[in-house]
$ cat structure-v3.txt   # compact mmCIF, N, CA and C atoms
# COMPACT_ATOMS: atom_id res chain seq x y z
N MET A 1 202.87 8.94 288.64
CA MET A 1 203.55 9.49 289.81
C MET A 1 205.05 9.42 289.56
N ASP A 2 205.66 10.59 289.37
CA ASP A 2 207.09 10.61 289.11
C ASP A 2 207.75 11.63 290.01
N ASP A 3 208.19 11.18 291.14
CA ASP A 3 208.92 12.08 292.03
C ASP A 3 210.30 11.52 292.34
N SER A 4 210.86 10.79 291.36
CA SER A 4 212.21 10.24 291.52
C SER A 4 213.27 11.33 291.39
N LEU A 5 212.90 12.48 290.85
CA LEU A 5 213.79 13.61 290.55
C LEU A 5 214.77 13.31 289.43
N LEU A 6 214.68 12.16 288.81
CA LEU A 6 215.54 11.80 287.69
C LEU A 6 214.89 12.22 286.38
N THR A 7 215.70 12.65 285.44
CA THR A 7 215.16 12.98 284.12
C THR A 7 214.61 11.71 283.47
N SER A 8 213.78 11.90 282.47
CA SER A 8 213.22 10.73 281.77
C SER A 8 214.32 9.91 281.12
N GLU A 9 215.38 10.55 280.64
CA GLU A 9 216.50 9.81 280.04
C GLU A 9 217.19 8.95 281.09
N ALA A 10 217.46 9.51 282.24
CA ALA A 10 218.12 8.73 283.30
C ALA A 10 217.23 7.57 283.73
N GLN A 11 215.94 7.83 283.89
CA GLN A 11 215.02 6.75 284.25
C GLN A 11 215.06 5.64 283.21
N ARG A 12 215.06 6.05 281.96
CA ARG A 12 215.08 5.07 280.86
C ARG A 12 216.31 4.17 280.97
N TRP A 13 217.48 4.76 281.16
CA TRP A 13 218.70 3.95 281.16
C TRP A 13 218.84 3.12 282.43
N ILE A 14 218.36 3.62 283.54
CA ILE A 14 218.37 2.82 284.77
C ILE A 14 217.49 1.59 284.59
N CYS A 15 216.33 1.78 284.00
CA CYS A 15 215.41 0.65 283.77
C CYS A 15 215.93 -0.31 282.71
N CYS A 16 216.51 0.23 281.64
CA CYS A 16 217.10 -0.64 280.61
C CYS A 16 218.23 -1.48 281.19
N PHE A 17 219.04 -0.86 282.02
CA PHE A 17 220.15 -1.60 282.62
C PHE A 17 219.66 -2.76 283.48
N ALA A 18 218.58 -2.55 284.20
CA ALA A 18 218.04 -3.61 285.05
C ALA A 18 217.60 -4.82 284.24
N GLY A 19 217.31 -4.62 282.96
CA GLY A 19 216.83 -5.70 282.11
C GLY A 19 217.91 -6.52 281.43
N VAL A 20 219.16 -6.33 281.81
CA VAL A 20 220.24 -7.07 281.13
C VAL A 20 220.50 -8.45 281.73
N PHE A 21 219.86 -8.76 282.83
CA PHE A 21 220.17 -9.98 283.58
C PHE A 21 218.88 -10.54 284.16
N ASN A 22 218.62 -11.82 283.95
CA ASN A 22 217.39 -12.44 284.44
C ASN A 22 217.61 -12.97 285.86
N GLY A 23 217.20 -12.18 286.82
CA GLY A 23 217.37 -12.54 288.22
C GLY A 23 216.53 -13.73 288.65
N TYR A 24 215.38 -13.95 288.00
CA TYR A 24 214.54 -15.09 288.35
C TYR A 24 215.24 -16.40 288.00
N THR A 25 215.79 -16.47 286.80
CA THR A 25 216.51 -17.68 286.39
C THR A 25 217.73 -17.90 287.28
N TYR A 26 218.45 -16.84 287.56
CA TYR A 26 219.62 -16.94 288.42
C TYR A 26 219.24 -17.47 289.80
N CYS A 27 218.18 -16.91 290.37
CA CYS A 27 217.73 -17.32 291.69
C CYS A 27 217.38 -18.80 291.71
N GLU A 28 216.68 -19.24 290.70
CA GLU A 28 216.30 -20.65 290.64
C GLU A 28 217.51 -21.56 290.51
N GLN A 29 218.46 -21.19 289.65
CA GLN A 29 219.61 -22.04 289.39
C GLN A 29 220.67 -21.99 290.49
N HIS A 30 220.85 -20.84 291.13
CA HIS A 30 221.93 -20.71 292.12
C HIS A 30 221.47 -20.79 293.56
N TRP A 31 220.24 -20.40 293.82
CA TRP A 31 219.74 -20.45 295.18
C TRP A 31 218.69 -21.53 295.36
N GLY A 32 218.24 -22.13 294.25
CA GLY A 32 217.24 -23.19 294.31
C GLY A 32 215.88 -22.69 294.79
N LEU A 33 215.57 -21.43 294.50
CA LEU A 33 214.32 -20.84 295.00
C LEU A 33 213.43 -20.39 293.84
N THR A 34 212.13 -20.58 294.02
CA THR A 34 211.12 -20.04 293.12
C THR A 34 209.93 -19.60 293.97
N GLY A 35 208.97 -18.94 293.35
CA GLY A 35 207.74 -18.56 294.03
C GLY A 35 207.96 -17.74 295.29
N PRO A 36 207.11 -17.94 296.30
CA PRO A 36 207.20 -17.14 297.53
C PRO A 36 208.57 -17.18 298.21
N PRO A 37 209.26 -18.33 298.30
CA PRO A 37 210.60 -18.29 298.92
C PRO A 37 211.58 -17.39 298.16
N MET A 38 211.46 -17.35 296.83
CA MET A 38 212.32 -16.47 296.03
C MET A 38 212.02 -15.01 296.39
N HIS A 39 210.75 -14.64 296.41
CA HIS A 39 210.38 -13.26 296.73
C HIS A 39 210.82 -12.89 298.15
N GLN A 40 210.70 -13.82 299.07
CA GLN A 40 211.15 -13.57 300.44
C GLN A 40 212.65 -13.32 300.48
N ARG A 41 213.41 -14.14 299.77
CA ARG A 41 214.87 -13.99 299.75
C ARG A 41 215.27 -12.64 299.16
N PHE A 42 214.68 -12.29 298.03
CA PHE A 42 214.99 -10.99 297.43
C PHE A 42 214.60 -9.85 298.38
N GLY A 43 213.47 -9.97 299.03
CA GLY A 43 213.05 -8.95 299.99
C GLY A 43 214.04 -8.79 301.13
N GLU A 44 214.54 -9.91 301.63
CA GLU A 44 215.54 -9.87 302.71
C GLU A 44 216.83 -9.19 302.24
N LEU A 45 217.25 -9.51 301.02
CA LEU A 45 218.48 -8.92 300.48
C LEU A 45 218.33 -7.41 300.28
N LEU A 46 217.18 -6.98 299.78
CA LEU A 46 216.95 -5.55 299.61
C LEU A 46 216.87 -4.84 300.96
N GLN A 47 216.25 -5.49 301.94
CA GLN A 47 216.18 -4.91 303.28
C GLN A 47 217.59 -4.79 303.88
N HIS A 48 218.41 -5.79 303.66
CA HIS A 48 219.79 -5.75 304.14
C HIS A 48 220.53 -4.55 303.53
N THR A 49 220.34 -4.35 302.23
CA THR A 49 220.98 -3.21 301.57
C THR A 49 220.46 -1.90 302.14
N SER A 50 219.15 -1.81 302.36
CA SER A 50 218.58 -0.58 302.94
C SER A 50 219.13 -0.30 304.32
N THR A 51 219.29 -1.35 305.11
CA THR A 51 219.73 -1.21 306.49
C THR A 51 221.22 -0.92 306.60
N THR A 52 222.02 -1.61 305.80
CA THR A 52 223.48 -1.53 305.95
C THR A 52 224.18 -0.71 304.89
N GLY A 53 223.52 -0.53 303.74
CA GLY A 53 224.19 0.15 302.62
C GLY A 53 225.20 -0.74 301.92
N SER A 54 225.21 -2.02 302.27
CA SER A 54 226.18 -2.92 301.64
C SER A 54 225.49 -3.86 300.66
N LEU A 55 226.27 -4.31 299.70
CA LEU A 55 225.79 -5.22 298.68
C LEU A 55 226.48 -6.56 298.84
N SER A 56 226.02 -7.53 298.09
CA SER A 56 226.62 -8.86 298.12
C SER A 56 228.03 -8.80 297.54
N PRO A 57 228.94 -9.62 298.05
CA PRO A 57 230.27 -9.68 297.45
C PRO A 57 230.25 -10.37 296.07
N ARG A 58 229.14 -11.05 295.75
CA ARG A 58 229.02 -11.74 294.45
C ARG A 58 228.35 -10.82 293.44
N LEU A 59 229.06 -10.54 292.37
CA LEU A 59 228.55 -9.65 291.33
C LEU A 59 227.21 -10.13 290.78
N ALA A 60 227.09 -11.40 290.47
CA ALA A 60 225.85 -11.92 289.90
C ALA A 60 224.67 -11.78 290.86
N ASP A 61 224.91 -11.95 292.16
CA ASP A 61 223.84 -11.73 293.14
C ASP A 61 223.31 -10.30 293.03
N ASN A 62 224.21 -9.35 292.89
CA ASN A 62 223.81 -7.95 292.81
C ASN A 62 223.03 -7.66 291.52
N PHE A 63 223.43 -8.27 290.42
CA PHE A 63 222.67 -8.12 289.19
C PHE A 63 221.26 -8.70 289.37
N ALA A 64 221.17 -9.84 290.05
CA ALA A 64 219.86 -10.46 290.28
C ALA A 64 218.97 -9.58 291.15
N ILE A 65 219.54 -9.02 292.20
CA ILE A 65 218.77 -8.15 293.10
C ILE A 65 218.33 -6.89 292.36
N ASN A 66 219.22 -6.32 291.56
CA ASN A 66 218.85 -5.14 290.77
C ASN A 66 217.70 -5.46 289.83
N PHE A 67 217.76 -6.59 289.15
CA PHE A 67 216.68 -7.04 288.28
C PHE A 67 215.37 -7.14 289.06
N TYR A 68 215.43 -7.79 290.21
CA TYR A 68 214.23 -8.01 291.00
C TYR A 68 213.59 -6.70 291.46
N GLN A 69 214.41 -5.78 291.97
CA GLN A 69 213.82 -4.53 292.46
C GLN A 69 213.13 -3.78 291.32
N HIS A 70 213.65 -3.88 290.13
CA HIS A 70 212.99 -3.20 289.01
C HIS A 70 211.71 -3.90 288.59
N ARG A 71 211.61 -5.18 288.84
CA ARG A 71 210.33 -5.86 288.60
C ARG A 71 209.28 -5.35 289.59
N MET A 72 209.71 -5.04 290.80
CA MET A 72 208.79 -4.43 291.78
C MET A 72 208.35 -3.06 291.28
N PHE A 73 209.28 -2.27 290.77
CA PHE A 73 208.94 -0.94 290.28
C PHE A 73 207.95 -1.03 289.13
N ARG A 74 208.13 -2.02 288.25
CA ARG A 74 207.17 -2.21 287.15
C ARG A 74 205.79 -2.53 287.70
N HIS A 75 205.76 -3.32 288.75
CA HIS A 75 204.48 -3.66 289.38
C HIS A 75 203.82 -2.39 289.95
N TRP A 76 204.63 -1.53 290.56
CA TRP A 76 204.10 -0.28 291.11
C TRP A 76 203.64 0.65 289.99
N GLY A 77 204.36 0.60 288.85
CA GLY A 77 204.05 1.48 287.74
C GLY A 77 204.89 2.75 287.71
N TYR A 78 205.86 2.85 288.59
CA TYR A 78 206.72 4.02 288.64
C TYR A 78 207.97 3.70 289.44
N LEU A 79 208.99 4.54 289.28
CA LEU A 79 210.20 4.40 290.09
C LEU A 79 209.95 5.01 291.46
N PRO A 80 210.73 4.61 292.45
CA PRO A 80 210.50 5.12 293.81
C PRO A 80 210.78 6.62 293.93
N ALA A 81 210.15 7.22 294.91
CA ALA A 81 210.35 8.64 295.19
C ALA A 81 211.78 8.88 295.66
N ALA A 82 212.29 10.04 295.28
CA ALA A 82 213.67 10.40 295.62
C ALA A 82 213.92 10.31 297.12
N TYR A 83 215.08 9.79 297.44
CA TYR A 83 215.61 9.72 298.79
C TYR A 83 214.90 8.74 299.72
N THR A 84 213.98 7.95 299.19
CA THR A 84 213.37 6.89 299.98
C THR A 84 214.34 5.70 300.02
N PRO A 85 214.14 4.74 300.92
CA PRO A 85 215.03 3.57 300.94
C PRO A 85 215.07 2.83 299.58
N ALA A 86 213.93 2.68 298.92
CA ALA A 86 213.92 1.99 297.63
C ALA A 86 214.69 2.79 296.58
N TRP A 87 214.60 4.10 296.61
CA TRP A 87 215.34 4.95 295.68
C TRP A 87 216.84 4.83 295.93
N HIS A 88 217.22 4.88 297.20
CA HIS A 88 218.65 4.73 297.54
C HIS A 88 219.17 3.37 297.07
N ASN A 89 218.40 2.32 297.27
CA ASN A 89 218.82 1.00 296.77
C ASN A 89 218.99 1.04 295.26
N MET A 90 218.01 1.62 294.55
CA MET A 90 218.05 1.66 293.10
C MET A 90 219.32 2.35 292.61
N VAL A 91 219.62 3.53 293.15
CA VAL A 91 220.79 4.25 292.66
C VAL A 91 222.09 3.60 293.11
N LEU A 92 222.09 3.00 294.30
CA LEU A 92 223.27 2.30 294.77
C LEU A 92 223.62 1.13 293.84
N TYR A 93 222.62 0.34 293.48
CA TYR A 93 222.88 -0.78 292.58
C TYR A 93 223.31 -0.29 291.20
N TYR A 94 222.68 0.76 290.70
CA TYR A 94 223.09 1.28 289.39
C TYR A 94 224.55 1.72 289.44
N LEU A 95 224.90 2.56 290.40
CA LEU A 95 226.26 3.08 290.47
C LEU A 95 227.29 1.97 290.69
N HIS A 96 226.90 0.96 291.42
CA HIS A 96 227.82 -0.15 291.69
C HIS A 96 228.02 -1.05 290.46
N LEU A 97 226.98 -1.18 289.64
CA LEU A 97 227.00 -2.20 288.59
C LEU A 97 227.16 -1.70 287.16
N TYR A 98 226.85 -0.46 286.86
CA TYR A 98 226.72 -0.07 285.46
C TYR A 98 228.00 -0.21 284.65
N ARG A 99 229.15 -0.19 285.26
CA ARG A 99 230.42 -0.39 284.54
C ARG A 99 230.91 -1.84 284.60
N ALA A 100 230.25 -2.66 285.39
CA ALA A 100 230.69 -4.05 285.60
C ALA A 100 230.32 -4.91 284.39
N PRO A 101 231.11 -5.95 284.15
CA PRO A 101 230.73 -6.88 283.08
C PRO A 101 229.45 -7.62 283.48
N ILE A 102 228.55 -7.77 282.54
CA ILE A 102 227.28 -8.43 282.81
C ILE A 102 227.50 -9.94 282.82
N PRO A 103 227.18 -10.61 283.91
CA PRO A 103 227.38 -12.06 283.96
C PRO A 103 226.60 -12.75 282.83
N ALA A 104 227.27 -13.66 282.16
CA ALA A 104 226.67 -14.35 281.01
C ALA A 104 225.73 -15.46 281.47
N GLY A 105 224.81 -15.80 280.58
CA GLY A 105 223.97 -16.96 280.80
C GLY A 105 222.60 -16.69 281.37
N TYR A 106 222.23 -15.43 281.57
CA TYR A 106 220.93 -15.12 282.16
C TYR A 106 220.23 -14.01 281.38
N PRO A 107 220.06 -14.20 280.07
CA PRO A 107 219.43 -13.14 279.27
C PRO A 107 217.94 -13.00 279.59
N THR A 108 217.42 -11.80 279.39
CA THR A 108 216.01 -11.53 279.64
C THR A 108 215.21 -11.40 278.35
N GLY A 109 215.87 -11.26 277.23
CA GLY A 109 215.19 -10.99 275.97
C GLY A 109 215.10 -9.50 275.69
N GLU A 110 215.24 -8.70 276.71
CA GLU A 110 215.18 -7.24 276.55
C GLU A 110 216.44 -6.69 275.91
N GLU A 111 217.52 -7.46 275.97
CA GLU A 111 218.79 -6.96 275.45
C GLU A 111 218.82 -6.86 273.93
N ASP A 112 217.85 -7.46 273.24
CA ASP A 112 217.79 -7.39 271.78
C ASP A 112 216.94 -6.24 271.26
N SER A 113 216.28 -5.52 272.13
CA SER A 113 215.42 -4.41 271.74
C SER A 113 216.27 -3.24 271.25
N PRO A 114 215.75 -2.46 270.29
CA PRO A 114 216.49 -1.27 269.85
C PRO A 114 216.60 -0.21 270.96
N HIS A 115 215.83 -0.38 272.02
CA HIS A 115 215.88 0.54 273.16
C HIS A 115 216.58 -0.11 274.35
N SER A 116 217.45 -1.05 274.08
CA SER A 116 218.11 -1.81 275.14
C SER A 116 219.36 -1.10 275.64
N TRP A 117 219.87 -1.63 276.72
CA TRP A 117 221.11 -1.14 277.31
C TRP A 117 222.25 -1.23 276.29
N ALA A 118 222.31 -2.32 275.55
CA ALA A 118 223.37 -2.51 274.56
C ALA A 118 223.29 -1.48 273.43
N ALA A 119 222.10 -0.97 273.15
CA ALA A 119 221.91 -0.02 272.06
C ALA A 119 221.92 1.44 272.56
N ARG A 120 222.31 1.66 273.79
CA ARG A 120 222.28 3.01 274.36
C ARG A 120 223.24 3.94 273.61
N ASP A 121 222.94 5.21 273.69
CA ASP A 121 223.80 6.23 273.09
C ASP A 121 225.13 6.28 273.84
N LYS A 122 226.18 6.59 273.11
CA LYS A 122 227.49 6.73 273.75
C LYS A 122 227.40 7.81 274.83
N GLY A 123 227.85 7.50 275.99
CA GLY A 123 227.85 8.44 277.10
C GLY A 123 226.59 8.43 277.96
N ALA A 124 225.56 7.68 277.54
CA ALA A 124 224.30 7.68 278.28
C ALA A 124 224.47 7.09 279.69
N ALA A 125 225.25 6.03 279.81
CA ALA A 125 225.45 5.40 281.12
C ALA A 125 226.16 6.36 282.07
N GLU A 126 227.19 7.03 281.59
CA GLU A 126 227.93 7.97 282.43
C GLU A 126 227.10 9.20 282.76
N ALA A 127 226.31 9.67 281.81
CA ALA A 127 225.45 10.83 282.07
C ALA A 127 224.42 10.49 283.15
N THR A 128 223.89 9.28 283.10
CA THR A 128 222.94 8.83 284.12
C THR A 128 223.61 8.77 285.49
N ALA A 129 224.81 8.21 285.53
CA ALA A 129 225.55 8.13 286.79
C ALA A 129 225.85 9.53 287.34
N ALA A 130 226.22 10.44 286.46
CA ALA A 130 226.52 11.81 286.90
C ALA A 130 225.27 12.49 287.46
N GLU A 131 224.12 12.25 286.82
CA GLU A 131 222.87 12.82 287.32
C GLU A 131 222.55 12.29 288.72
N ILE A 132 222.73 10.99 288.92
CA ILE A 132 222.49 10.39 290.23
C ILE A 132 223.43 11.01 291.27
N ARG A 133 224.70 11.13 290.91
CA ARG A 133 225.68 11.69 291.85
C ARG A 133 225.32 13.12 292.24
N ARG A 134 224.84 13.92 291.27
CA ARG A 134 224.43 15.30 291.58
C ARG A 134 223.29 15.30 292.59
N LEU A 135 222.32 14.41 292.41
CA LEU A 135 221.20 14.33 293.36
C LEU A 135 221.69 13.90 294.75
N LEU A 136 222.63 12.99 294.79
CA LEU A 136 223.15 12.52 296.08
C LEU A 136 223.95 13.63 296.78
N ILE A 137 224.67 14.40 296.03
CA ILE A 137 225.48 15.50 296.61
C ILE A 137 224.58 16.59 297.17
N ARG A 138 223.46 16.87 296.49
CA ARG A 138 222.54 17.93 296.93
C ARG A 138 221.87 17.59 298.25
N ARG A 139 221.79 16.33 298.55
CA ARG A 139 221.05 15.90 299.74
C ARG A 139 221.90 16.06 300.93
$ encode --input "structure-v3.txt" --output "C-alpha cells"
Amino acid sequence: MDDSLLTSEAQRWICCFAGVFNGYTYCEQHWGLTGPPMHQRFGELLQHTSTTGSLSPRLADNFAINFYQHRMFRHWGYLPAAYTPAWHNMVLYYLHLYRAPIPAGYPTGEEDSPHSWAARDKGAAEATAAEIRRLLIRR
C-alpha cells in the first residue's frame, strides 16, 4: 500500500534519515522510560505535533520522535497516506530536521550501511525536501 504520493527515492531518503538516531536509547537515558510508558510518551508527543503543528524546542527530542514514528511505519509495512495526520508529522519532522546536525551518542547501526543517510547521493536530501514542498503547495 503506497499512497504517500512520494517517489520511491524520496521515501528511501526519508526512511534512511529516520535511522540516524536511536530514539529508544535516548528515551531511556533522558526520559527514564522504557516499554509501555515509552510508547505512551512518544504517542503523546506525536499527538501534540498533529494537534498543534509544533515540535519540541529540544533538537534531540525531535530526532527521537522522528525515529519512533518511523518504527511505527515499519510495523505497518508502509509510509502513511498523503495528507493524513501521520503523513503531515512525517514531512514536518523531515523538513525541520534534515539540515540539522545529528545529535551524537545515539547510533542505530544503520548509519554504516551503504544505503545510509551518510552515503546518500549529493543533492538527495534537498531533492526530497523539494518534493515534499511541492506536495504541500499543491494541497
$ select_by_dssp --input "structure-v3.txt" --residues "range 64-130 of chain A" --states "helix (DSSP H, G or I)" --output "MDAnalysis selection string"
chainID A and resid 64:76 85:97 110:112 124:130
$ atom_distance --input "structure-v3.txt" --atom1 "CA of Gly53 in chain A" --atom2 "atom C of His88 in chain A"
8.1 Å
$ atom_distance --input "structure-v3.txt" --atom1 "CA of Leu95 in chain A" --atom2 "CA of Thr25 in chain A"
23.3 Å
$ closest_residue --input "structure-v3.txt" --among "A:Tyr68, A:Pro85, A:Glu131, A:Cys27" --to "Thr7 in chain A" --atoms "only N, CA and C atoms"
A:Glu131
$ closest_residue --input "structure-v3.txt" --among "A:Thr34, A:Ala82, A:Leu45, A:Ser54" --to "Leu6 in chain A" --atoms "only N, CA and C atoms"
A:Ala82
$ closest_residue --input "structure-v3.txt" --among "A:Leu46, A:Leu33, A:Ala124, A:Ile137" --to "Ala10 in chain A" --atoms "only N, CA and C atoms"
A:Ala124
$ closest_residue --input "structure-v3.txt" --among "A:Ser8, A:Tyr78, A:Phe67, A:Gln40" --to "Gly23 in chain A" --atoms "all atoms listed in the file"
A:Phe67
$ closest_residue --input "structure-v3.txt" --among "A:Tyr24, A:Asp3, A:His30, A:Ala100" --to "Ile65 in chain A" --atoms "only C-alpha atoms"
A:Tyr24
$ residues_around --input "structure-v3.txt" --residues "His115 in chain A" --least-positions-apart "3" --cutoff "8 Å" --atoms "only C-alpha atoms" --output "mmCIF file with N, CA and C atoms, keeping the file's coordinate frame"
data_model
loop_
_atom_site.group_PDB
_atom_site.id
_atom_site.type_symbol
_atom_site.label_atom_id
_atom_site.label_comp_id
_atom_site.auth_asym_id
_atom_site.auth_seq_id
_atom_site.Cartn_x
_atom_site.Cartn_y
_atom_site.Cartn_z
ATOM 1 N N CYS A 16 216.510 0.230 281.640
ATOM 2 C CA CYS A 16 217.100 -0.640 280.610
ATOM 3 C C CYS A 16 218.230 -1.480 281.190
ATOM 4 N N ALA A 119 222.100 -0.970 273.150
ATOM 5 C CA ALA A 119 221.910 -0.020 272.060
ATOM 6 C C ALA A 119 221.920 1.440 272.560
ATOM 7 N N ARG A 120 222.310 1.660 273.790
ATOM 8 C CA ARG A 120 222.280 3.010 274.360
ATOM 9 C C ARG A 120 223.240 3.940 273.610
#
$ atom_distance --input "structure-v3.txt" --atom1 "CA of Arg58 in chain A" --atom2 "CA of Pro103 in chain A"
10.6 Å
$ closest_residue --input "structure-v3.txt" --among "A:Phe42, A:Tyr106, A:Trp76, A:Tyr98" --to "Gly123 in chain A" --atoms "only C-alpha atoms"
A:Tyr98
$ axis_aligned_box --input "structure-v3.txt" --around "range 74-83 of chain A" --padding-each-side "4 Å" --output "AutoDock Vina command-line options"
--center_x 209.6 --center_y 3.4 --center_z 293.4 --size_x 20.0 --size_y 22.1 --size_z 20.6
$ residues_around --input "structure-v3.txt" --residues "Arg138 in chain A" --least-positions-apart "2" --cutoff "12 Å" --atoms "only C-alpha atoms" --output "PDB file with N, CA and C atoms, in the coordinates of the input"
ATOM      1  N   LEU A   5     212.900  12.480 290.850  1.00  0.00           N
ATOM      2  CA  LEU A   5     213.790  13.610 290.550  1.00  0.00           C
ATOM      3  C   LEU A   5     214.770  13.310 289.430  1.00  0.00           C
ATOM      4  N   ALA A  82     212.290  10.040 295.280  1.00  0.00           N
ATOM      5  CA  ALA A  82     213.670  10.400 295.620  1.00  0.00           C
ATOM      6  C   ALA A  82     213.920  10.310 297.120  1.00  0.00           C
ATOM      7  N   TYR A  83     215.080   9.790 297.440  1.00  0.00           N
ATOM      8  CA  TYR A  83     215.610   9.720 298.790  1.00  0.00           C
ATOM      9  C   TYR A  83     214.900   8.740 299.720  1.00  0.00           C
ATOM     10  N   GLU A 131     224.120  12.250 286.820  1.00  0.00           N
ATOM     11  CA  GLU A 131     222.870  12.820 287.320  1.00  0.00           C
ATOM     12  C   GLU A 131     222.550  12.290 288.720  1.00  0.00           C
ATOM     13  N   ILE A 132     222.730  10.990 288.920  1.00  0.00           N
ATOM     14  CA  ILE A 132     222.490  10.390 290.230  1.00  0.00           C
ATOM     15  C   ILE A 132     223.430  11.010 291.270  1.00  0.00           C
ATOM     16  N   ARG A 133     224.700  11.130 290.910  1.00  0.00           N
ATOM     17  CA  ARG A 133     225.680  11.690 291.850  1.00  0.00           C
ATOM     18  C   ARG A 133     225.320  13.120 292.240  1.00  0.00           C
ATOM     19  N   ARG A 134     224.840  13.920 291.270  1.00  0.00           N
ATOM     20  CA  ARG A 134     224.430  15.300 291.580  1.00  0.00           C
ATOM     21  C   ARG A 134     223.290  15.300 292.590  1.00  0.00           C
ATOM     22  N   LEU A 135     222.320  14.410 292.410  1.00  0.00           N
ATOM     23  CA  LEU A 135     221.200  14.330 293.360  1.00  0.00           C
ATOM     24  C   LEU A 135     221.690  13.900 294.750  1.00  0.00           C
ATOM     25  N   LEU A 136     222.630  12.990 294.790  1.00  0.00           N
ATOM     26  CA  LEU A 136     223.150  12.520 296.080  1.00  0.00           C
ATOM     27  C   LEU A 136     223.950  13.630 296.780  1.00  0.00           C
TER      28      LEU A 136
END
$ residues_around --input "structure-v3.txt" --residues "Thr108 in chain A" --least-positions-apart "5" --cutoff "6.5 Å" --atoms "all atoms listed in the file" --output "number ranges by chain"
A: 19-22
$ decode --input "structure-v3.txt" --residues "range 52-71 of chain A" --atoms "N, CA and C atoms" --output "mmCIF file, in the first residue's frame"
data_model
loop_
_atom_site.group_PDB
_atom_site.id
_atom_site.type_symbol
_atom_site.label_atom_id
_atom_site.label_comp_id
_atom_site.auth_asym_id
_atom_site.auth_seq_id
_atom_site.Cartn_x
_atom_site.Cartn_y
_atom_site.Cartn_z
ATOM 1 N N THR A 52 -1.095 20.558 17.209
ATOM 2 C CA THR A 52 -0.609 21.937 17.241
ATOM 3 C C THR A 52 0.290 22.318 16.078
ATOM 4 N N GLY A 53 0.883 21.317 15.423
ATOM 5 C CA GLY A 53 1.858 21.613 14.368
ATOM 6 C C GLY A 53 3.191 22.066 14.918
ATOM 7 N N SER A 54 3.369 21.952 16.227
ATOM 8 C CA SER A 54 4.629 22.390 16.820
ATOM 9 C C SER A 54 5.470 21.194 17.257
ATOM 10 N N LEU A 55 6.768 21.431 17.300
ATOM 11 C CA LEU A 55 7.721 20.409 17.698
ATOM 12 C C LEU A 55 8.362 20.819 19.012
ATOM 13 N N SER A 56 9.126 19.909 19.568
ATOM 14 C CA SER A 56 9.834 20.191 20.813
ATOM 15 C C SER A 56 10.916 21.247 20.568
ATOM 16 N N PRO A 57 11.187 22.087 21.547
ATOM 17 C CA PRO A 57 12.295 23.036 21.394
ATOM 18 C C PRO A 57 13.661 22.342 21.458
ATOM 19 N N ARG A 58 13.680 21.078 21.918
ATOM 20 C CA ARG A 58 14.941 20.323 22.012
ATOM 21 C C ARG A 58 15.157 19.515 20.741
ATOM 22 N N LEU A 59 16.255 19.789 20.062
ATOM 23 C CA LEU A 59 16.565 19.108 18.813
ATOM 24 C C LEU A 59 16.601 17.592 18.983
ATOM 25 N N ALA A 60 17.253 17.096 20.020
ATOM 26 C CA ALA A 60 17.365 15.651 20.223
ATOM 27 C C ALA A 60 16.001 15.008 20.455
ATOM 28 N N ASP A 61 15.096 15.695 21.147
ATOM 29 C CA ASP A 61 13.735 15.165 21.313
ATOM 30 C C ASP A 61 13.087 14.935 19.949
ATOM 31 N N ASN A 62 13.262 15.885 19.048
ATOM 32 C CA ASN A 62 12.655 15.778 17.725
ATOM 33 C C ASN A 62 13.266 14.633 16.915
ATOM 34 N N PHE A 63 14.570 14.439 17.033
ATOM 35 C CA PHE A 63 15.195 13.300 16.367
ATOM 36 C C PHE A 63 14.633 11.995 16.927
ATOM 37 N N ALA A 64 14.438 11.940 18.241
ATOM 38 C CA ALA A 64 13.893 10.726 18.869
ATOM 39 C C ALA A 64 12.471 10.454 18.396
ATOM 40 N N ILE A 65 11.654 11.486 18.324
ATOM 41 C CA ILE A 65 10.271 11.329 17.883
ATOM 42 C C ILE A 65 10.233 10.901 16.418
ATOM 43 N N ASN A 66 11.081 11.502 15.595
ATOM 44 C CA ASN A 66 11.151 11.109 14.186
ATOM 45 C C ASN A 66 11.533 9.635 14.057
ATOM 46 N N PHE A 67 12.521 9.201 14.819
ATOM 47 C CA PHE A 67 12.928 7.797 14.836
ATOM 48 C C PHE A 67 11.740 6.907 15.210
ATOM 49 N N TYR A 68 11.049 7.276 16.267
ATOM 50 C CA TYR A 68 9.946 6.458 16.759
ATOM 51 C C TYR A 68 8.818 6.334 15.734
ATOM 52 N N GLN A 69 8.435 7.462 15.128
ATOM 53 C CA GLN A 69 7.327 7.381 14.172
ATOM 54 C C GLN A 69 7.690 6.469 13.002
ATOM 55 N N HIS A 70 8.939 6.444 12.615
ATOM 56 C CA HIS A 70 9.335 5.557 11.524
ATOM 57 C C HIS A 70 9.364 4.099 11.951
ATOM 58 N N ARG A 71 9.565 3.842 13.219
ATOM 59 C CA ARG A 71 9.442 2.463 13.696
ATOM 60 C C ARG A 71 7.981 2.017 13.605
#
